[in-house]
Amino acid sequence: MVSSTPPPSSSGDKDPNPTRRILGFGFWIQGFRCLPWMAINFFLKDGLHVDPSTLQLLQNSANLPMVGKPLYGVISDAVYISGQHRIPYIAIGAFLQSVSWLAIAILSPSGISIVTLSLCLLLSNLGASIAEVANDAIVAEIGKQPTVPPKKSHSYSSGELQSFVWIASSAGGVLGNLLGGIAINIYGPHAMFLLFSLTVALQLFIIITVRESSLNLPKSSSKVGIRKQLSDLSVALQKPEIACSITWLAASNAIIPALTGTMFFYQTQYLNINSSVLGISKVFGQAAMLVWSVIYNRFLKSVPSKKLIAAIQGVMALFMLSDVLFVKGVYRSMGVPDLLYVIVFSGLLEVLFFFKLLPFNILIAQLCPSGCEGSLMALVASATALSFIVSGYLGVALSSFVGVTGSDFSGFPRALLIQAVCTILPIYWSSCIPDDKTSKSRRKNE
């Protein structure tokens, strides 16, 4: 499966296995996507003057292409392009993203409509979802290969590679949020759109120079059709530990009414917090994700996934209760500046939703039957995306129910309290998640 160690070569030779380079840059791009999306928030609020509910509806509706990830996964598993079934799909995804953000960047601010903007955002997320499916499938395929002990082997354990791409994604998020928070007031949203378009275009030019054979992916004995791939996915979902785990993950997100749009308006409209502060807040959150990946990889891989994920869910509920005190002004009366709270606590809460994905993805990758890695990992991503969309719509309904508007936030604390209660409920169903039986063996291999 993995070739023997190549003979010494000159420094000018190409990397014999560009897996880390391709995956690192691909996941870095996924994290860097926060740059144009931060700009979109300000463009909708200040440029198109939408209200909090409309902003959140647009944000969540633009994620609809993410729900189609299982279909993209099945196609990438079964349909080969020029003898490859991962690299071409990453290239297609990069192309769609670059074109859509370039269109938004060059359109006149006064001439762009909500409909046109929505279509471009849908196209961008379609490209992002296709690329993410291919990247996730490569990680799952490589992670399932047995680790080869000899020196200079290009084999990676599942936990090692998952942590690597997690760090790459977080690093992209740190740079994107920092750059966006500082530069948006200087250069405006359209410059951010153009910069991201050019960055994804660079990824496209890099990826088309790589042959998939150089990644040392497992070789399929034959190219199966889409019908066979769907059948294999169906068999995988019949395993209770897989079906129950995915169901819990989706339900644990969907049941929480997201109030991100309302909080964005509260912080920028009511508290008049500058975009640079929001950027620093997001950077703090991304940095926390980097620290979390290191801590998990070194100390927590032996902890059963069920306990770890349930604990993260409980911490999320505590942070939401803290938001209630923040909006009521309790921390302000204690001398804690609003800026400090937004940077630290709001930044952490935003990424806590994703903390549980690292142990969960490693668990699913281990449970995944051979041959449908792309399909199953895509289904997990699709279920996560759909759950966040449902969560966003519930948040819009909750904001309307408590009477929150762009200028009236009197009902906001009540909405946050309801959100915290909903976050606690999935902890009682965490028994659906199986213990990670391979954690002890992974720890021995370190």
# chains A, B, ... in the order shown; residues from 1 in each chain; ligands from 1
>>> residues_around(residues="A:Gln97", least_positions_apart="3", cutoff="8 Å", atoms="only C-alpha atoms", output="CSV table (one decimal) with N, CA and C atoms, in the first residue's frame")
chain,number,residue,atom,x,y,z
A,93,GLY,N,-14.5,22.2,-6.8
A,93,GLY,CA,-15.0,23.1,-5.7
A,93,GLY,C,-14.2,24.4,-5.6
A,94,ALA,N,-12.9,24.4,-5.8
A,94,ALA,CA,-12.1,25.6,-5.8
A,94,ALA,C,-12.6,26.5,-6.9
A,100,SER,N,-17.6,32.5,-7.8
A,100,SER,CA,-18.8,33.1,-7.1
A,100,SER,C,-18.3,34.3,-6.3
A,101,TRP,N,-17.2,34.2,-5.6
A,101,TRP,CA,-16.7,35.4,-4.8
A,101,TRP,C,-16.2,36.5,-5.7
A,123,LEU,N,-23.8,29.2,-4.7
A,123,LEU,CA,-22.7,28.7,-5.6
A,123,LEU,C,-21.4,28.5,-4.9
A,124,SER,N,-21.1,29.5,-4.0
A,124,SER,CA,-19.8,29.4,-3.3
A,124,SER,C,-19.9,28.2,-2.3
A,125,ASN,N,-21.0,28.0,-1.6
A,125,ASN,CA,-21.1,26.9,-0.6
A,125,ASN,C,-21.2,25.6,-1.3
A,126,LEU,N,-21.7,25.6,-2.6
A,126,LEU,CA,-21.7,24.3,-3.3
A,126,LEU,C,-20.3,23.9,-3.6
A,127,GLY,N,-19.5,24.9,-4.1
A,127,GLY,CA,-18.1,24.5,-4.3
A,127,GLY,C,-17.3,24.1,-3.1
A,128,ALA,N,-17.6,24.8,-1.9
A,128,ALA,CA,-16.9,24.5,-0.7
A,128,ALA,C,-17.3,23.1,-0.2
A,197,SER,N,-11.3,35.2,-3.3
A,197,SER,CA,-11.4,34.6,-4.7
A,197,SER,C,-10.0,34.3,-5.3
A,200,VAL,N,-8.5,31.2,-3.4
A,200,VAL,CA,-9.0,29.9,-3.9
A,200,VAL,C,-8.5,29.6,-5.3
>>> closest_atom_pairs(of="stretch 40-148 of chain A", to="stretch 249-265 of chain A", cutoff="7 Å", atoms="only C-alpha atoms", output="tab-separated table")
residue	atom	partner	partner_atom	distance
A:Pro52	CA	A:Gly261	CA	5.3
A:Ser53	CA	A:Gly261	CA	6.8
A:Leu55	CA	A:Gly261	CA	6.3
A:Gln56	CA	A:Gly261	CA	5.0
>>> closest_residue(among="A:Arg21, A:Arg33, A:Lys239, A:Arg414", to="A:Thr199", atoms="only C-alpha atoms")
A:Arg33
>>> atom_distance(atom1="atom CA of A:Gln229", atom2="atom CA of A:Ala383")
18.5 Å
>>> residues_around(residues="stretch 266-282 of chain A", least_positions_apart="3", cutoff="8 Å", atoms="only C-alpha atoms", output="JSON, numbers by chain")
{"A": [174, 177, 178, 179, 180, 181, 182, 184, 185, 262, 263, 285, 286, 339, 342, 343, 344, 346, 347, 350, 406, 407, 409]}
>>> atom_distance(atom1="atom CA of A:Leu358", atom2="atom CA of A:Ile206")
27.2 Å
>>> closest_residue(among="A:Leu35, A:Val99, A:Leu44, A:Val115", to="A:Gly176", atoms="only C-alpha atoms")
A:Leu35
>>> residues_around(residues="A:Ala140", least_positions_apart="6", cutoff="10 Å", atoms="only C-alpha atoms", output="ChimeraX atom specification")
/A:134,158,161-162,361-362,364-366,368,370,372-374,376-377
>>> closest_residue(among="A:Thr384, A:Thr209, A:Asp338, A:Ser113", to="A:Val50", atoms="only C-alpha atoms")
A:Ser113
